[in-house]
Each structure stands twice: as structure tokens, then as C-alpha cells.
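Shown next: start-v3.txt, containing compact mmCIF, C-alpha atoms.
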# COMPACT_ATOMS: atom_id res chain seq x y z
CA MET A 1 0.00 0.00 0.00
CA ASN A 2 1.25 3.45 -0.91
CA ARG A 3 2.28 5.51 2.12
CA ARG A 4 0.03 8.36 0.97
CA ASP A 5 -2.98 6.04 1.13
CA GLN A 6 -2.31 5.21 4.76
CA THR A 7 -3.60 7.19 7.68
CA ILE A 8 -1.11 7.34 10.51
CA ASP A 9 -2.79 7.04 13.87
CA LEU A 10 -1.34 9.52 16.36
CA GLU A 11 -2.00 6.92 19.08
CA GLU A 12 1.22 5.24 17.99
CA PHE A 13 3.13 8.30 19.22
CA GLY A 14 2.56 7.14 22.82
CA ARG A 15 3.08 9.95 25.33
CA PHE A 16 3.96 12.27 22.45
CA GLY A 17 0.49 11.80 20.93
CA GLU A 18 -0.97 14.93 22.51
CA PRO A 19 2.01 17.20 21.66
CA ALA A 20 1.96 15.80 18.11
CA LEU A 21 -1.76 16.51 17.73
CA LEU A 22 -1.38 20.08 19.00
CA ILE A 23 1.60 20.68 16.69
CA LEU A 24 -0.45 19.48 13.71
CA ILE A 25 -3.32 21.76 14.73
CA SER A 26 -0.89 24.67 15.04
CA LEU A 27 0.63 23.99 11.61
CA ALA A 28 -2.82 23.66 10.03
CA GLU A 29 -2.88 27.46 10.18
CA GLY A 30 0.34 27.75 8.18
CA PRO A 31 4.10 27.07 8.44
CA LYS A 32 5.72 27.92 11.79
CA HIS A 33 9.07 27.38 13.50
CA GLY A 34 9.46 25.70 16.90
CA TYR A 35 9.14 28.84 18.99
CA ALA A 36 6.03 30.04 17.11
CA VAL A 37 4.47 26.58 17.49
CA THR A 38 5.11 26.65 21.26
CA GLU A 39 3.57 30.11 21.61
CA ASP A 40 0.59 29.21 19.43
CA ILE A 41 -0.14 26.03 21.41
CA ALA A 42 0.16 27.98 24.66
CA ALA A 43 -2.39 30.46 23.29
CA PHE A 44 -5.05 28.07 21.99
CA ALA A 45 -4.59 25.06 24.30
CA ASP A 46 -3.12 26.69 27.41
CA VAL A 47 -0.32 24.10 27.41
CA ARG A 48 3.36 24.97 27.16
CA PHE A 49 5.59 22.09 26.05
CA GLY A 50 9.23 22.00 27.03
CA PRO A 51 11.82 22.01 24.22
CA GLY A 52 12.63 18.32 24.75
CA THR A 53 8.99 17.26 24.41
CA LEU A 54 8.35 19.61 21.48
CA TYR A 55 11.28 18.35 19.42
CA ALA A 56 10.67 14.70 20.30
CA ALA A 57 7.20 15.14 18.80
CA ILE A 58 8.51 17.15 15.83
CA ALA A 59 11.10 14.44 15.07
CA ARG A 60 8.38 11.75 15.11
CA LEU A 61 6.07 13.80 12.92
CA GLU A 62 8.86 14.51 10.44
CA ALA A 63 10.01 10.87 10.43
CA ARG A 64 6.49 9.74 9.49
CA GLY A 65 6.10 12.42 6.82
CA LEU A 66 3.30 14.27 8.61
CA ILE A 67 5.23 17.54 8.63
CA ASP A 68 8.06 18.81 6.49
CA ALA A 69 10.82 21.34 7.13
CA LEU A 70 10.93 24.30 4.76
CA ASP A 71 14.27 25.46 3.41
CA THR A 72 15.33 28.73 4.97
CA ASN A 73 18.45 30.68 5.87
CA ASP A 74 17.03 31.40 9.30
CA ARG A 75 18.45 29.15 12.05
CA ARG A 76 14.83 28.64 13.16
CA ASN A 77 13.51 26.13 10.63
CA PRO A 78 9.80 26.49 9.83
CA TYR A 79 7.65 23.38 9.40
CA GLU A 80 4.58 22.84 7.28
CA LEU A 81 1.80 20.31 7.35
CA THR A 82 2.03 17.69 4.57
CA ALA A 83 -0.95 16.10 2.82
CA LEU A 84 -0.38 12.99 4.94
CA GLY A 85 -0.29 15.14 8.06
CA GLU A 86 -3.53 16.85 7.11
CA LYS A 87 -5.16 13.45 6.59
CA ALA A 88 -3.91 12.19 9.98
CA LEU A 89 -5.11 15.37 11.68
CA ARG A 90 -8.57 15.13 10.09
CA ALA A 91 -8.86 11.47 11.16
CA ARG A 92 -7.79 12.24 14.73
CA LEU A 93 -10.12 15.22 15.09
CA ALA A 94 -13.02 13.18 13.70
CA SER A 95 -12.29 10.47 16.26
CA ILE A 96 -12.16 13.00 19.11
CA GLN A 97 -15.36 14.61 17.83
CA ALA A 98 -17.18 11.26 17.82
CA VAL A 99 -16.10 10.54 21.39
CA THR A 100 -17.02 14.07 22.49
CA ARG A 101 -20.48 13.71 20.93
CA VAL A 102 -21.10 10.47 22.82
CA GLY A 103 -19.88 12.02 26.08
CA GLN A 104 -22.05 15.09 25.72
CA LYS A 105 -25.08 13.00 24.77
CA ARG A 106 -24.66 10.83 27.86
CA LEU A 107 -24.16 13.83 30.11
CA ALA A 108 -27.32 15.44 28.69
CA SER A 109 -29.38 12.35 29.49
CA ALA A 110 -27.81 11.85 32.94
CA MET B 1 21.04 25.56 29.31
CA THR B 2 22.53 25.35 25.82
CA TRP B 3 25.12 22.80 27.03
CA LEU B 4 22.27 20.30 27.40
CA LEU B 5 22.21 20.03 23.61
CA LYS B 6 25.38 17.93 23.91
CA LEU B 7 23.29 15.18 25.48
CA TYR B 8 21.57 14.56 22.14
CA PRO B 9 22.92 12.16 19.48
CA PRO B 10 25.24 13.79 16.90
CA ARG B 11 22.85 13.14 14.02
CA TRP B 12 20.00 14.73 15.95
CA ARG B 13 22.17 17.76 16.76
CA ARG B 14 23.12 18.19 13.11
CA ARG B 15 19.46 18.19 12.11
CA TYR B 16 17.73 20.09 14.94
CA GLY B 17 20.61 21.62 16.92
CA GLU B 18 20.46 25.16 15.54
CA GLU B 19 16.73 25.63 15.90
CA PHE B 20 16.71 23.84 19.25
CA LEU B 21 19.31 26.31 20.55
CA ALA B 22 17.31 29.21 19.15
CA LEU B 23 14.36 27.92 21.16
CA ILE B 24 16.11 27.33 24.49
CA ALA B 25 18.65 30.16 24.47
CA PRO B 26 16.21 32.92 25.50
CA GLN B 27 14.56 30.76 28.15
CA PRO B 28 15.46 31.36 31.82
CA PHE B 29 17.03 28.46 33.73
CA SER B 30 14.38 26.11 35.06
CA LEU B 31 14.69 22.62 36.51
CA VAL B 32 11.49 21.55 34.74
CA THR B 33 13.00 22.54 31.38
CA VAL B 34 16.29 20.81 32.23
CA PHE B 35 14.47 17.56 33.01
CA ASP B 36 12.36 17.96 29.88
CA ILE B 37 15.47 18.35 27.74
CA ILE B 38 17.18 15.37 29.42
CA GLY B 39 14.04 13.30 28.78
CA GLY B 40 14.07 14.44 25.15
CA ALA B 41 17.75 13.48 24.84
CA ILE B 42 17.12 10.00 26.23
CA ASP B 43 14.22 9.63 23.81
CA ALA B 44 16.39 10.75 20.89
CA TRP B 45 18.98 8.06 21.73
CA ILE B 46 16.34 5.35 22.13
CA GLN B 47 14.11 6.17 19.17
CA PRO B 48 15.18 5.12 15.68
CA GLN B 49 16.05 8.29 13.75
CA SER B 50 16.25 6.81 10.28
CA HIS B 51 14.87 9.97 8.64
CA LEU B 52 17.90 11.89 9.93
CA ALA B 53 20.32 9.59 8.10
CA ALA B 54 18.25 9.87 4.92
CA ARG B 55 18.23 13.66 5.18
CA ALA B 56 21.98 13.78 5.83
CA ALA B 57 22.57 11.71 2.71
CA ALA B 58 20.24 13.88 0.62
CA GLN B 59 21.83 17.21 1.60
CA PRO B 60 24.21 18.52 -1.06
CA GLU B 61 27.49 19.58 0.52
CA GLY B 62 29.60 20.56 -2.46
CA ASP B 63 32.98 19.30 -1.35
CA THR B 64 31.67 16.03 0.08
CA ILE B 65 32.64 13.12 -2.13
CA MET B 66 30.50 10.03 -2.43
CA LEU B 67 32.83 7.85 -0.34
CA ALA B 68 32.66 10.36 2.50
CA LYS B 69 28.86 10.31 2.33
CA VAL B 70 28.82 6.53 2.45
CA MET B 71 31.20 6.55 5.43
CA ARG B 72 29.06 9.16 7.16
CA LEU B 73 25.97 6.99 6.78
CA ARG B 74 27.77 3.90 8.02
CA CYS B 75 29.23 5.70 11.01
CA ALA B 76 26.14 7.72 11.92
CA GLY B 77 25.22 7.24 15.54
CA TYR B 78 28.55 5.65 16.44
CA GLY B 79 30.18 8.78 17.71
CA GLU B 80 30.58 12.39 16.73
CA THR B 81 33.96 12.26 15.00
CA ALA B 82 35.62 8.97 15.91
CA THR B 83 38.59 8.87 13.55
CA THR B 84 41.25 6.23 12.90
CA ALA B 85 43.50 8.09 15.33
CA ASP B 86 40.79 7.85 18.00
CA ALA B 87 40.41 4.12 17.38
CA LEU B 88 44.20 3.72 17.72
CA LYS B 89 44.17 5.71 20.97
CA GLY B 90 41.36 3.48 22.26
CA ALA B 91 43.29 0.35 21.27
CA GLY B 92 46.39 1.78 22.96
CA VAL B 93 44.48 2.30 26.19
CA VAL B 94 43.14 -1.28 26.11
CA ILE B 95 46.53 -2.87 25.34
CA GLY B 96 48.49 -0.59 27.66
CA GLY B 97 45.96 -1.02 30.48
CA THR B 98 45.98 -4.79 30.08
CA ILE B 99 49.78 -4.98 30.20
CA LEU B 100 49.87 -2.67 33.21
CA SER B 101 47.26 -4.71 35.10
CA VAL B 102 49.18 -7.95 34.43
CA VAL B 103 52.44 -6.38 35.59
CA VAL B 104 50.83 -5.00 38.76
CA ALA B 105 49.06 -8.33 39.43
CA THR B 106 52.36 -10.21 39.03
CA TRP B 107 54.05 -7.80 41.45
CA MET B 108 51.17 -8.21 43.93
CA ARG B 109 51.52 -12.00 43.75
CA ARG B 110 55.23 -11.75 44.54
CA GLN B 111 54.38 -9.49 47.47
CA SER B 112 51.96 -12.20 48.71
CA VAL B 113 48.96 -9.92 48.47
CA ASP B 114 45.58 -11.60 49.06
CA PRO B 115 44.96 -13.79 45.96
CA VAL B 116 41.39 -12.46 45.75
CA TYR B 117 42.75 -9.09 44.53
CA THR B 118 45.60 -10.56 42.51
CA GLN B 119 43.35 -12.95 40.61
CA ALA B 120 40.71 -10.29 40.02
CA LEU B 121 43.25 -7.89 38.55
CA MET B 122 45.00 -10.58 36.51
CA THR B 123 41.86 -11.89 34.81
CA ASN B 124 39.73 -8.77 34.42
CA GLY B 125 42.06 -5.77 34.44
CA TRP B 126 41.61 -5.47 30.68
CA LEU B 127 37.87 -4.89 31.13
CA VAL B 128 38.41 -1.63 32.99
CA SER B 129 40.86 -0.56 30.28
CA ALA B 130 38.21 -1.33 27.67
CA VAL B 131 35.69 0.81 29.54
CA VAL B 132 38.17 3.70 29.82
CA SER B 133 38.91 3.44 26.08
CA LEU B 134 35.27 4.34 25.32
CA ARG B 135 36.31 7.93 25.96
CA TYR B 136 37.99 7.94 22.54
CA THR B 137 35.28 6.04 20.64
CA SER B 138 31.65 5.72 21.65
CA LEU B 139 31.74 8.53 24.20
CA LYS B 140 33.72 10.99 22.09
CA GLY B 141 32.00 14.36 21.87
CA TRP B 142 30.04 13.85 25.09
CA PRO B 143 30.44 16.34 27.94
CA GLY B 144 33.31 15.56 30.34
CA TRP B 145 31.03 14.92 33.28
CA THR B 146 28.93 12.48 31.25
CA GLN B 147 32.07 10.58 30.28
CA ALA B 148 33.25 10.60 33.90
CA ILE B 149 29.93 9.29 35.22
CA PHE B 150 29.61 6.62 32.53
CA ILE B 151 33.22 5.42 32.70
CA GLY B 152 33.44 5.71 36.50
CA GLY B 153 30.08 4.01 37.06
CA LEU B 154 30.70 1.19 34.62
CA SER B 155 34.24 0.66 35.99
CA MET B 156 32.87 0.39 39.52
CA VAL B 157 30.32 -2.19 38.37
CA VAL B 158 33.05 -4.20 36.59
CA VAL B 159 35.38 -4.04 39.62
CA SER B 160 32.57 -5.04 42.00
CA ILE B 161 31.54 -8.05 39.90
CA THR B 162 35.16 -9.09 39.39
CA LEU B 163 36.04 -8.85 43.09
CA GLY B 164 32.80 -10.61 44.04
CA ALA B 165 33.49 -13.49 41.66
CA SER B 166 37.10 -13.73 42.82
CA TRP B 167 36.06 -13.68 46.46
CA LEU B 168 33.54 -16.47 45.83
CA ALA B 169 36.22 -18.51 44.05
CA TYR B 170 38.60 -18.27 47.03
CA ALA B 171 35.98 -18.39 49.80
Now, as a test, write the supplied structure out as C-alpha cells.
Amino acid sequence: MNRRDQTIDLEEFGRFGEPALLILISLAEGPKHGYAVTEDIAAFADVRFGPGTLYAAIARLEARGLIDALDTNDRRNPYELTALGEKALRARLASIQAVTRVGQKRLASA
Amino acid sequence: MTWLLKLYPPRWRRRYGEEFLALIAPQPFSLVTVFDIIGGAIDAWIQPQSHLAARAAAQPEGDTIMLAKVMRLRCAGYGETATTADALKGAGVVIGGTILSVVVATWMRRQSVDPVYTQALMTNGWLVSAVVSLRYTSLKGWPGWTQAIFIGGLSMVVVSITLGASWLAYA
């Protein structure tokens, strides 16, 4: 099967699953470098990842082709979401949405 | 905190080092960040980083000839810049240390020192030399304190096991 036809489940990232998801969400807005990603995640999710956690997640995302580094002369390398990354993000958000819907439905009838 | 970057594998540093430094340099010292970076470094050593080798091979470097690229791929992850001279130094430490331990053990035997120590040194002195030689090969490029902790700790383990086994043999 072609890699582009596969959907990579962020669950396989283990404890870096949440940082990876938030990085993908941040990059869905457009290319950003590490510092901008950290600030963006802190703004929309109220979570601030340490550099070790951030780059462990970035390395995994890049290794699996979900994000790609853009060529630049700046020492801060920006990253962009790839088509595979967008697909993985859509799948993960849909899964979260389905679980959220069930939770809210059950709370409403409780 | 920039010195913490040295805890990461060489390949990882070549790929992410610059931007990682740009991220941590303006940050104030914090123990939480230090532990986070150490955790990230451990993860980087444990996790397969195959994409880094592929990227290193794909990067055009002008003066890099094909043989050098092949060597770089084969040596990636072994050490930062372990050269032939480093390997010779390491071999020298192992051979020299082994000869020294045998000479000292022979002298101790003539001095009628407890055979537990004599036997331990005679049979396993080379192991400590081998551990010390890592400074020139696998541990090259690591911070001095990391080398000291690794070599010192591993040497103590080797000496303890050796003395324990020797003591059991003569008990």
C-alpha cells in the first residue's frame, strides 16, 4: 500500500500523541518554527511544552512524513503540514469529535 | 542551558541543533525545562532516527565526495567524530591497560597480596581498560562529566563483579 494512502494514527506516538496533535493543529494554520508553534499552542490550548517534548514530537512527525521542514536561511527552521499530516489530523479530530459527541449525549441524558 | 544540547545524538544535533538552541537560548534556567530536555535526549537516543540519516545523505554539501557520504551513513550514531586516530588511541588504552594490570598483578603476587585481589586484577584488568577506552570512541564528543559518570560508574560495576566473583572462588 502506498504511504500516501495510509492514515497514521497519532495513538502510535505514545506519550507524544498529545504534543503531536497540537503541533499538527498549530501547523494547520500555516508554516511555523518551533518557537512560534510553542507560543501558538500555549495560546489556543493553554499548554506549554518544554523544548525536549516539542522536538521529540517534531522528530516523530517529520520521520512519518506528517510535517516537512521548509528550506530557509534562518536558524529557526519552519515546518509545514504535509498532505499525509492533514489526513492524519482530520482522522484524529473526527475520532475525538465522535467521542465528544457520545460524552455530551450521555451527560445530557444523565 | 545550551550545554544540554550535547546530550543529544550527533545526528539529531546536526538536524535540529540550531533551531533547538534558538528555542532554548532565551529561556530562563528552570529545573522543569532541564528535566524535559534530558528526557528528550534520552528519547532521541532510544528512538530510531532513520529519517535523519536519509536527510543527511540527501543534503548537497559541495565538497563532500560520495565515499565520505557513504562513510558518514555507516558511522552515523557511532560517535561524533571517531577517527582512525581515536580508534588507535582506544586500542592503545586497552593494550596498555591490560599490560599494566598484568604487571601489577604479578608484582602483587610476589608481594603475597591476598589472591582475591591478585586474581581479580590478573583476569579482568583489561575490562576496565576497555571501559576507559570508550572515551575515545563511543563517548567521544560527550560532555566531560557524562564521560566521567559513565566510565566511572561502569568501571565500579566491573570491579565489584570481578572482586565478588574472585572472592567467591577463594571463599
Set the cut-off to 10 Å and count all atoms listed in the file: what are the residues of chain B that reach chain A? Output as a VMD selection string.
chain B and resid 5 12 15 to 24 27 32 to 44 47 to 52 54
Of the residues B:Leu121, B:Thr146, B:Ile46, B:Ala130, which is the one nearest to Ile161 in chain B, using only C-alpha atoms?
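Result for the nearest residue to Ile161 in chain B: B:Leu121.
Interatomic distance, CA of Ala171 in chain B against CA of Gly97 in chain B: 27.8 Å.
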Between CA of Leu154 in chain B and CA of Met108 in chain B, what is the spacing in Å?
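So the answer is 24.4 Å.
Ranking A:Glu86, A:Gly14, A:Val99, A:Gln104 by their shortest atom-to-atom distance to Glu29 in chain A, with all atoms listed in the file included, puts A:Glu86 first.
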Nearest candidate to Val128 in chain B (options B:Gly153, B:Pro28, B:Pro115, B:Pro143; using all atoms listed in the file):
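Comparing B:Gly153, B:Pro28, B:Pro115, B:Pro143 against Val128 in chain B, the winner is B:Gly153.
CA of Gly125 in chain B to CA of Ser101 in chain B spans 5.3 Å [interatomic distance, one decimal].
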Could you check the closest approach to Thr162 in chain B for each of B:Met122, B:Leu7, B:Leu31, B:Ile149 and tell me which residue wins, using all atoms listed in the file?
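With all atoms listed in the file as the atom set, the closest residue is B:Met122.
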Could you give me, as a list of chain:residue names, the residues within 8 Å of Ile41 in chain A, counting all atoms listed in the file and dropping anything in the same chain fewer than 4 positions from it?
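Close residues of Ile41 in chain A: A:Leu22, A:Ile23, A:Ser26, A:Val37, A:Ala45, A:Asp46, A:Val47, A:Arg48.
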Choose the residue, out of A:Leu61, A:Ala98, A:Leu107, A:Leu81, that has the smallest atom-to-atom separation from Phe13 in chain A; count all atoms listed in the file.
A:Leu61
Once 3 Å is added on each side, what are the centre and the three edge lengths, in Å to one decimal, of the axis-aligned box enclosing the listed atoms of range 21-34 of chain A? Present them as AutoDock Vina command-line options.
--center_x 3.1 --center_y 22.2 --center_z 13.6 --size_x 18.8 --size_y 17.4 --size_z 16.8
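Those DNA, RNA and protein residues that approach the point (45.9, -2.8, 32.6) to within 12 Å, considering all atoms listed in the file, are Gly92, Val93, Val94, Ile95, Gly96, Gly97, Thr98, Ile99, Leu100, Ser101, Val102, Val103, Val104, Ala105, Thr106, Ala120, Leu121, Met122, Thr123, Asn124, Gly125, Trp126, Leu127, Val128, Ser129, Ala130, Val131, Val132 and Ser133 of chain B.
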Just the selected residues (C-alpha atoms), exported as a PDB file, in the coordinates of the input, please.
ATOM      1  CA  GLY B  92      46.390   1.780  22.960  1.00  0.00           C
ATOM      2  CA  VAL B  93      44.480   2.300  26.190  1.00  0.00           C
ATOM      3  CA  VAL B  94      43.140  -1.280  26.110  1.00  0.00           C
ATOM      4  CA  ILE B  95      46.530  -2.870  25.340  1.00  0.00           C
ATOM      5  CA  GLY B  96      48.490  -0.590  27.660  1.00  0.00           C
ATOM      6  CA  GLY B  97      45.960  -1.020  30.480  1.00  0.00           C
ATOM      7  CA  THR B  98      45.980  -4.790  30.080  1.00  0.00           C
ATOM      8  CA  ILE B  99      49.780  -4.980  30.200  1.00  0.00           C
ATOM      9  CA  LEU B 100      49.870  -2.670  33.210  1.00  0.00           C
ATOM     10  CA  SER B 101      47.260  -4.710  35.100  1.00  0.00           C
ATOM     11  CA  VAL B 102      49.180  -7.950  34.430  1.00  0.00           C
ATOM     12  CA  VAL B 103      52.440  -6.380  35.590  1.00  0.00           C
ATOM     13  CA  VAL B 104      50.830  -5.000  38.760  1.00  0.00           C
ATOM     14  CA  ALA B 105      49.060  -8.330  39.430  1.00  0.00           C
ATOM     15  CA  THR B 106      52.360 -10.210  39.030  1.00  0.00           C
ATOM     16  CA  ALA B 120      40.710 -10.290  40.020  1.00  0.00           C
ATOM     17  CA  LEU B 121      43.250  -7.890  38.550  1.00  0.00           C
ATOM     18  CA  MET B 122      45.000 -10.580  36.510  1.00  0.00           C
ATOM     19  CA  THR B 123      41.860 -11.890  34.810  1.00  0.00           C
ATOM     20  CA  ASN B 124      39.730  -8.770  34.420  1.00  0.00           C
ATOM     21  CA  GLY B 125      42.060  -5.770  34.440  1.00  0.00           C
ATOM     22  CA  TRP B 126      41.610  -5.470  30.680  1.00  0.00           C
ATOM     23  CA  LEU B 127      37.870  -4.890  31.130  1.00  0.00           C
ATOM     24  CA  VAL B 128      38.410  -1.630  32.990  1.00  0.00           C
ATOM     25  CA  SER B 129      40.860  -0.560  30.280  1.00  0.00           C
ATOM     26  CA  ALA B 130      38.210  -1.330  27.670  1.00  0.00           C
ATOM     27  CA  VAL B 131      35.690   0.810  29.540  1.00  0.00           C
ATOM     28  CA  VAL B 132      38.170   3.700  29.820  1.00  0.00           C
ATOM     29  CA  SER B 133      38.910   3.440  26.080  1.00  0.00           C
TER      30      SER B 133
END
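Among the candidate residues A:Ala88, A:Ala69, A:Leu27, A:Ala43, the one lying nearest to Ile8 in chain A is A:Ala88, with distances computed using only C-alpha atoms.
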